[in-house]
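Engineer: Got a structure for you, written out below as structure tokens; questions coming shortly.
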Amino acid sequence: MKTNRIFLAMLAMLLGVTTSAWGQQENAASVFSSSFKKGKPVQITNNRDKGFSIKFNDKNNIAGEAVKSGATSYTTEDIWYLVGNAENFKMYSHVAGSKYALKLDGTESGVAATMVPEKEATVLTLTKQEDNSYAISPKANPSVSFNMFGGAGRDIKLYASEDGGSHWNLKVLDMSRPLKLKYNALLNGGFDTNYKIGNIAITIDGNTSNTLLDKNSLPESTTCYLPKDAKFSIATGLVCHGWKMDINGGKSMTDHTLPEKGMEVTVNISVDKNNKYQYLYYSPDEKGIPYRIPAIVSTANGYVFAINDYRPCGNDIGFGEVDLVMRHSTKAGTEWDGHSWTDPVTIADGVGKEAKETWLTGFGDPAIVADRERNEILVMSVCGNRLCWHGNYGAGTSENPENPNRMARLRIKFNEETQQWETTQPEEVTYEIYPLFKDKNGKAHVGSMFIGAGRMAQSSMIKVGDYYRIYCAVWAVETGSYRHHNYVLYSDDFGDTWNLLGELGNDFNDSPAPFGNEPKCEELPDGSVLLSSRKGYGRYYNVFHYSNFEKAEGRWDGAVATDEVGNLKFGRNDTNGEVLRIGNTLFQSVPTGDSRSDVAIYYRPLSDDPATYTPKELANGWKKFKVSDRGSAYSSICILPDGKSIGIYYEEEPGGYSMVYRPIELSEITENDK
């Protein structure tokens, strides 16, 4: 053993590699070369997220362009040349060529990597990690390393070397044996929004890399380069809605090795015209920015509106800029070969962390309702710069001033003269709502809250004033603790003013759903109100029964867990969903897998007897209609203008998550009991 260690150390010295950088991984030295011309094509993949690599694909505007993380494609976008040795090297991209190399504008965390003229490039160092991967760091500061910094499509930036996203694996690729993917594509027809086709999955050594094909940029063929003598499998991965795809006429090719002259594989692609799903947004977008949190309604004059978050900050309210974006359709997304949805419009534009007024920082989690008589939509939104758990209404101090989750309101109205929808600017309504949760002694029971995103409910029978009553349910954090619970609000003037439905009570346990998470509500046939709240394995249900409609007096039954007292039960995922009543049928959308996957619509008939409108009774009698067969999460549903169909707007792969719309005839749901 001692002789071997001495030999390895001598070999490392000859190769310009120190044992402090490489340990006993002598083969890793093979990734380095003395010049670009003698360079060895190296693929650099993330050790934590093994399907992703460091990429550069801009062939036109090289200088100053960002280096990205992305799905490993085994194309020239993935190929790098490391010129020097482990303690002193520069990185060159195959796409950019020998005149450009990678530069970091500093050595602190958060600094991005770009391509610049090679004389300006940053000198880098490679350091072995305990998991046998490597940190790629500026030589001047090995404590930081290249990091995916938010996931695929994001800029490569520096972050702490010990972070799992900062660890990389390096493989030399064999460019003498190409794998050529030839596309036999019939692209005409289908929804114009469905331009992403699906993944080609290449698996090597148990690690799968997915390349997402795009109708708008599909080449005649793609040439891939694999490690020498690698045994590989190639298959269709996730195929996007609206498309069919196969590999040489089948689903996959398994356990192949490339012959000396390489291999050609045919990928057959065609439109699936029986598939009515539409992608209104792919997430993340071309800038790496995600969409989330769907809400959908239909209007009295036959439009369907889809509204959701657009998150430049990459996360929830409290992390920076979040916007609300909208599309609408008069065709309910049911026509083929046409432009059935408008282009996206930003209806609430967050300013970001530079906002001078706190509430303008971001707008998210839209809760929407369309009036049943007027062509008017109310949108309520959480806003501001506070994480939902950390709001402190009624408990501010000089060191931690009062700053709850803030709330905003805007309206979308149809102009009969111009035949156009017009949107008002958001207005803050935080301090119109929070005081509802103070008791007679002035104690605030809610430190922070937001309205459950999706469709708010409107009564079909209670009208006090000009509008039918509307309801929304709030996720609330108890003042002074992190316990979350639910309340229901109502408005008789279409959101101008709000009131609490039922009594406030004296403590947390008096709320309609102690420990309830993101909630929704719906009116039952007798005018009572069903609260449906997010939980793992099922939902929390509670029902408010009126004793006086006009004065909004009545009582809550008491919350039950549907998985404990009924058959509305599913996997352990804890996810937002929607409750909707159409006539005497109740619907509930929710993911059904243990993880966030397999969104379905549950349904059950309602009796004409109000005595059966109790939480326990409503937890039983459910049947399931499957909507999604893949990773999927939040959902919103509404009755479509034809009165015969449900529109579901939900989050689903690809990405995390894309925004998908599907119209489903009621008969298709209720006639396929599963």
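Scheme for the structure tokens: letters A, B, ... for chains in order shown; per-chain residue numbers from 1; ligand numbers from 1 in order shown.
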Could you list, as a list in words, every residue within 10 Å of Leu102 in chain A, counting only C-alpha atoms and ignoring same-chain residues fewer than 3 positions away?

Structural biologist: Ala63, Gly64, Glu65, Ala66, Val67, Lys90, Met91, Tyr92, Ser93, Ala96, Ala113, Thr114, Met115, Val116, Pro117, Glu118, Glu120, Ala121, Thr122, Val123 and Leu124 of chain A

Engineer: With N, CA and C atoms retained, write the just-selected residues as a tab-separated table (two decimals), in the first residue's frame.

Structural biologist:
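Contents of the output file again-v4.tsv:
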chain	number	residue	atom	x	y	z
A	63	ALA	N	-19.44	36.72	-25.98
A	63	ALA	CA	-18.82	37.54	-24.93
A	63	ALA	C	-19.86	38.07	-23.96
A	64	GLY	N	-19.68	37.76	-22.68
A	64	GLY	CA	-20.58	38.24	-21.64
A	64	GLY	C	-21.81	37.39	-21.42
A	65	GLU	N	-22.04	36.34	-22.22
A	65	GLU	CA	-23.22	35.50	-22.06
A	65	GLU	C	-23.04	34.56	-20.87
A	66	ALA	N	-24.14	34.28	-20.18
A	66	ALA	CA	-24.10	33.48	-18.96
A	66	ALA	C	-23.92	32.00	-19.27
A	67	VAL	N	-23.23	31.34	-18.38
A	67	VAL	CA	-23.12	29.88	-18.39
A	67	VAL	C	-24.27	29.34	-17.55
A	90	LYS	N	-8.14	26.81	-16.70
A	90	LYS	CA	-9.22	27.61	-17.26
A	90	LYS	C	-10.19	26.68	-17.98
A	91	MET	N	-11.46	27.12	-18.06
A	91	MET	CA	-12.50	26.31	-18.70
A	91	MET	C	-12.92	26.93	-20.02
A	92	TYR	N	-12.85	26.11	-21.09
A	92	TYR	CA	-13.25	26.53	-22.43
A	92	TYR	C	-14.47	25.71	-22.86
A	93	SER	N	-15.38	26.36	-23.57
A	93	SER	CA	-16.57	25.69	-24.08
A	93	SER	C	-16.34	25.24	-25.52
A	96	ALA	N	-18.13	27.78	-27.76
A	96	ALA	CA	-17.50	29.10	-27.88
A	96	ALA	C	-16.14	29.06	-28.55
A	113	ALA	N	-21.22	33.04	-13.66
A	113	ALA	CA	-20.19	32.67	-14.62
A	113	ALA	C	-20.61	33.10	-16.02
A	114	THR	N	-19.69	33.73	-16.75
A	114	THR	CA	-19.96	34.15	-18.12
A	114	THR	C	-18.78	33.74	-19.01
A	115	MET	N	-18.98	33.83	-20.33
A	115	MET	CA	-17.90	33.58	-21.28
A	115	MET	C	-17.32	34.91	-21.73
A	116	VAL	N	-15.98	35.01	-21.75
A	116	VAL	CA	-15.28	36.24	-22.10
A	116	VAL	C	-14.07	35.88	-22.96
A	117	PRO	N	-13.41	36.87	-23.60
A	117	PRO	CA	-12.13	36.58	-24.26
A	117	PRO	C	-11.19	35.87	-23.31
A	118	GLU	N	-10.49	34.85	-23.81
A	118	GLU	CA	-9.82	33.91	-22.92
A	118	GLU	C	-8.74	34.56	-22.04
A	120	GLU	N	-9.11	37.13	-20.33
A	120	GLU	CA	-9.78	37.68	-19.15
A	120	GLU	C	-10.35	36.60	-18.23
A	121	ALA	N	-10.17	35.34	-18.57
A	121	ALA	CA	-10.81	34.23	-17.87
A	121	ALA	C	-10.27	34.07	-16.45
A	122	THR	N	-11.09	33.47	-15.61
A	122	THR	CA	-10.74	33.21	-14.21
A	122	THR	C	-9.94	31.93	-14.08
A	123	VAL	N	-8.90	31.97	-13.27
A	123	VAL	CA	-8.14	30.76	-12.96
A	123	VAL	C	-8.90	29.98	-11.89
A	124	LEU	N	-9.11	28.69	-12.15
A	124	LEU	CA	-9.93	27.85	-11.30
A	124	LEU	C	-9.12	26.75	-10.64

Engineer: Excluding Leu324 in chain A and residues on its chain fewer than 5 positions from it, collect all residues at most 9 Å away from it, counting only C-alpha atoms, and give them as a ChimeraX atom specification.

Structural biologist: /A:307-311,345-350,362-366,381

Engineer: How close does range 293-390 of chain A get to range 626-642 of chain A? List, as JSON lines, each residue of range 293-390 of chain A within 9 Å, its nearest atom pair and the distance in Å to one decimal, counting only C-alpha atoms.

Structural biologist:
{"residue": "A:Ile293", "atom": "CA", "partner": "A:Tyr634", "partner_atom": "CA", "distance": 6.4}
{"residue": "A:Pro294", "atom": "CA", "partner": "A:Ser636", "partner_atom": "CA", "distance": 6.1}
{"residue": "A:Ala295", "atom": "CA", "partner": "A:Ser636", "partner_atom": "CA", "distance": 5.3}
{"residue": "A:Ile296", "atom": "CA", "partner": "A:Ser636", "partner_atom": "CA", "distance": 5.9}
{"residue": "A:Val297", "atom": "CA", "partner": "A:Cys638", "partner_atom": "CA", "distance": 5.6}
{"residue": "A:Ser298", "atom": "CA", "partner": "A:Leu640", "partner_atom": "CA", "distance": 5.9}
{"residue": "A:Thr299", "atom": "CA", "partner": "A:Pro641", "partner_atom": "CA", "distance": 7.5}
{"residue": "A:Ala300", "atom": "CA", "partner": "A:Pro641", "partner_atom": "CA", "distance": 7.8}
{"residue": "A:Asn301", "atom": "CA", "partner": "A:Pro641", "partner_atom": "CA", "distance": 8.1}
{"residue": "A:Gly302", "atom": "CA", "partner": "A:Pro641", "partner_atom": "CA", "distance": 5.1}
{"residue": "A:Tyr303", "atom": "CA", "partner": "A:Pro641", "partner_atom": "CA", "distance": 7.2}
{"residue": "A:Val304", "atom": "CA", "partner": "A:Leu640", "partner_atom": "CA", "distance": 7.3}
{"residue": "A:Thr330", "atom": "CA", "partner": "A:Pro641", "partner_atom": "CA", "distance": 9.0}
{"residue": "A:Ala332", "atom": "CA", "partner": "A:Leu640", "partner_atom": "CA", "distance": 7.2}

Engineer: Store the residues picked out above in a file with N, CA and C atoms, as a PDB file, in the first residue's frame.

Structural biologist:
ATOM      1  N   ILE A 293     -49.323  28.232  -8.990  1.00  0.00           N
ATOM      2  CA  ILE A 293     -50.556  28.613  -8.295  1.00  0.00           C
ATOM      3  C   ILE A 293     -51.687  28.989  -9.263  1.00  0.00           C
ATOM      4  N   PRO A 294     -52.412  27.996  -9.780  1.00  0.00           N
ATOM      5  CA  PRO A 294     -53.470  28.252 -10.760  1.00  0.00           C
ATOM      6  C   PRO A 294     -54.788  28.691 -10.134  1.00  0.00           C
ATOM      7  N   ALA A 295     -55.524  29.493 -10.893  1.00  0.00           N
ATOM      8  CA  ALA A 295     -56.898  29.872 -10.538  1.00  0.00           C
ATOM      9  C   ALA A 295     -57.674  30.021 -11.839  1.00  0.00           C
ATOM     10  N   ILE A 296     -58.914  29.517 -11.878  1.00  0.00           N
ATOM     11  CA  ILE A 296     -59.694  29.555 -13.113  1.00  0.00           C
ATOM     12  C   ILE A 296     -61.159  29.860 -12.808  1.00  0.00           C
ATOM     13  N   VAL A 297     -61.777  30.688 -13.675  1.00  0.00           N
ATOM     14  CA  VAL A 297     -63.205  30.983 -13.574  1.00  0.00           C
ATOM     15  C   VAL A 297     -63.762  31.177 -14.981  1.00  0.00           C
ATOM     16  N   SER A 298     -65.082  31.047 -15.109  1.00  0.00           N
ATOM     17  CA  SER A 298     -65.769  31.404 -16.349  1.00  0.00           C
ATOM     18  C   SER A 298     -66.739  32.542 -16.043  1.00  0.00           C
ATOM     19  N   THR A 299     -66.964  33.410 -17.016  1.00  0.00           N
ATOM     20  CA  THR A 299     -67.749  34.619 -16.808  1.00  0.00           C
ATOM     21  C   THR A 299     -69.154  34.473 -17.391  1.00  0.00           C
ATOM     22  N   ALA A 300     -70.006  35.423 -17.035  1.00  0.00           N
ATOM     23  CA  ALA A 300     -71.402  35.388 -17.484  1.00  0.00           C
ATOM     24  C   ALA A 300     -71.514  35.475 -18.999  1.00  0.00           C
ATOM     25  N   ASN A 301     -70.558  36.168 -19.655  1.00  0.00           N
ATOM     26  CA  ASN A 301     -70.626  36.316 -21.110  1.00  0.00           C
ATOM     27  C   ASN A 301     -69.768  35.304 -21.864  1.00  0.00           C
ATOM     28  N   GLY A 302     -69.366  34.219 -21.189  1.00  0.00           N
ATOM     29  CA  GLY A 302     -68.785  33.083 -21.896  1.00  0.00           C
ATOM     30  C   GLY A 302     -67.281  33.050 -22.036  1.00  0.00           C
ATOM     31  N   TYR A 303     -66.554  33.828 -21.256  1.00  0.00           N
ATOM     32  CA  TYR A 303     -65.092  33.781 -21.272  1.00  0.00           C
ATOM     33  C   TYR A 303     -64.593  32.843 -20.161  1.00  0.00           C
ATOM     34  N   VAL A 304     -63.415  32.289 -20.382  1.00  0.00           N
ATOM     35  CA  VAL A 304     -62.725  31.525 -19.348  1.00  0.00           C
ATOM     36  C   VAL A 304     -61.418  32.251 -19.039  1.00  0.00           C
ATOM     37  N   THR A 330     -62.371  32.594 -25.328  1.00  0.00           N
ATOM     38  CA  THR A 330     -63.814  32.492 -25.586  1.00  0.00           C
ATOM     39  C   THR A 330     -64.176  31.106 -26.079  1.00  0.00           C
ATOM     40  N   ALA A 332     -62.863  28.305 -24.619  1.00  0.00           N
ATOM     41  CA  ALA A 332     -62.604  27.378 -23.508  1.00  0.00           C
ATOM     42  C   ALA A 332     -61.493  26.396 -23.832  1.00  0.00           C
TER      43      ALA A 332
END

Engineer: So that I can check the surroundings of Ile289 in chain A, please list as a CSV table (one decimal) with C-alpha atoms, in the first residue's frame every protein, DNA and RNA residue that reaches within 12 Å of it, counting only C-alpha atoms and ignoring chain neighbours fewer than 4 positions away.

Structural biologist:
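So the final result, stored in out_33.csv, reads:
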chain,number,residue,atom,x,y,z
A,150,GLY,CA,-32.0,27.3,-8.3
A,151,GLY,CA,-32.1,24.5,-10.8
A,152,ALA,CA,-32.1,23.8,-14.5
A,153,GLY,CA,-32.0,26.9,-16.7
A,154,ARG,CA,-30.6,29.1,-14.1
A,155,ASP,CA,-27.2,30.8,-14.3
A,281,TYR,CA,-47.2,28.2,-19.5
A,282,TYR,CA,-44.2,25.9,-19.5
A,283,SER,CA,-42.2,26.2,-16.3
A,284,PRO,CA,-39.6,27.4,-16.0
A,285,ASP,CA,-39.7,29.8,-18.9
A,309,ASP,CA,-48.2,33.4,-10.3
A,310,TYR,CA,-45.1,34.4,-12.3
A,311,ARG,CA,-42.1,34.3,-10.0
A,312,PRO,CA,-39.0,36.2,-11.0
A,313,CYS,CA,-37.6,35.7,-7.5
A,314,GLY,CA,-38.0,32.0,-8.0
A,315,ASN,CA,-40.1,31.5,-4.9
A,321,GLU,CA,-40.7,39.9,-7.0
A,322,VAL,CA,-43.8,37.8,-7.8
A,323,ASP,CA,-46.3,38.9,-10.5
A,655,GLY,CA,-40.7,21.5,-15.0
A,656,GLY,CA,-41.7,22.3,-11.5
A,657,TYR,CA,-44.5,22.9,-12.6
A,658,SER,CA,-45.9,23.8,-16.0

Engineer: Out of A:Asn147, A:Thr592, A:Ser270, A:Thr208, which residue has the shortest atom-to-atom distance to Gly165 in chain A when counting only C-alpha atoms?

Structural biologist: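 Ranking A:Asn147, A:Thr592, A:Ser270, A:Thr208 by distance to Gly165 in chain A, first place goes to A:Asn147.
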
Engineer: Could you write out, as number ranges by chain, all the residues of range 319-483 of chain A that DSSP marks as strand (DSSP E)?

Structural biologist: A: 323-329, 345-348, 363-370, 376-383, 406-415, 420-423, 427-428, 446-451, 454-455, 457-463, 468-478

Engineer: Taking 2 positions as the minimum chain separation for residues in the same chain, which residues sit within 6 Å of Gly384 in chain A when counting only C-alpha atoms? Answer as JSON, numbers by chain.

Structural biologist: {"A": [358, 359, 360, 361, 362, 386, 406]}

Engineer: Would you put the residues from that selection into a file with C-alpha atoms, as an mmCIF file, in the first residue's frame?

Structural biologist:
data_model
loop_
_atom_site.group_PDB
_atom_site.id
_atom_site.type_symbol
_atom_site.label_atom_id
_atom_site.label_comp_id
_atom_site.auth_asym_id
_atom_site.auth_seq_id
_atom_site.Cartn_x
_atom_site.Cartn_y
_atom_site.Cartn_z
ATOM 1 C CA THR A 358 -43.801 47.139 1.230
ATOM 2 C CA TRP A 359 -47.037 45.834 -0.293
ATOM 3 C CA LEU A 360 -45.782 46.452 -3.850
ATOM 4 C CA THR A 361 -42.882 43.976 -3.531
ATOM 5 C CA GLY A 362 -44.848 41.077 -5.000
ATOM 6 C CA ARG A 386 -43.129 38.859 4.359
ATOM 7 C CA ARG A 406 -50.312 41.855 3.167
#

Engineer: Determine, counting only C-alpha atoms, which protein, DNA and RNA residues have an atom within 10 Å of an atom of range 464-469 of chain A; residues of the same chain fewer than 6 positions away are not included. Present the result as a list in words.

Structural biologist: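 Surrounding residues, per the criterion: Asp371, Arg372, Glu373, Arg374, Ala457, Gln458, Tyr490, Ser491, Asp492, Asp493, Phe494, Gly495, Phe549, Glu550 and Lys551 of chain A.
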
Engineer: Which parts of range 140-265 of chain A does DSSP call helix (DSSP H, G or I) when run on the backbone here, written out as a PyMOL selection string?

Structural biologist: chain A and resi 164-166+215-217

Engineer: How many Å lie between CA of Thr257 in chain A and CA of Ser233 in chain A, rounded to one decimal?

Structural biologist: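 A separation of 8.9 Å between them.
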
Engineer: Contacts of Tyr487 in chain A at 7 Å or less, counting only C-alpha atoms, minus same-chain residues fewer than 5 places along, as an MDAnalysis selection string?

Structural biologist: chainID A and resid 473:474 511:512

Engineer: Could you dump the residues just selected with N, CA and C atoms as a PDB file, in the first residue's frame?

Structural biologist:
ATOM      1  N   ALA A 473     -61.819  31.525   1.885  1.00  0.00           N
ATOM      2  CA  ALA A 473     -61.278  30.930   3.105  1.00  0.00           C
ATOM      3  C   ALA A 473     -59.822  31.331   3.249  1.00  0.00           C
ATOM      4  N   VAL A 474     -59.382  31.563   4.489  1.00  0.00           N
ATOM      5  CA  VAL A 474     -58.020  32.034   4.711  1.00  0.00           C
ATOM      6  C   VAL A 474     -57.197  31.022   5.499  1.00  0.00           C
ATOM      7  N   SER A 511     -61.402  27.956  15.823  1.00  0.00           N
ATOM      8  CA  SER A 511     -61.482  28.238  14.390  1.00  0.00           C
ATOM      9  C   SER A 511     -62.213  27.101  13.675  1.00  0.00           C
ATOM     10  N   PRO A 512     -62.754  27.346  12.474  1.00  0.00           N
ATOM     11  CA  PRO A 512     -63.476  26.294  11.744  1.00  0.00           C
ATOM     12  C   PRO A 512     -62.614  25.083  11.391  1.00  0.00           C
TER      13      PRO A 512
END

Engineer: In Å, with one decimal, what is the gap from CA of Lys103 in chain A to CA of Tyr225 in chain A?

Structural biologist: 25.7 Å
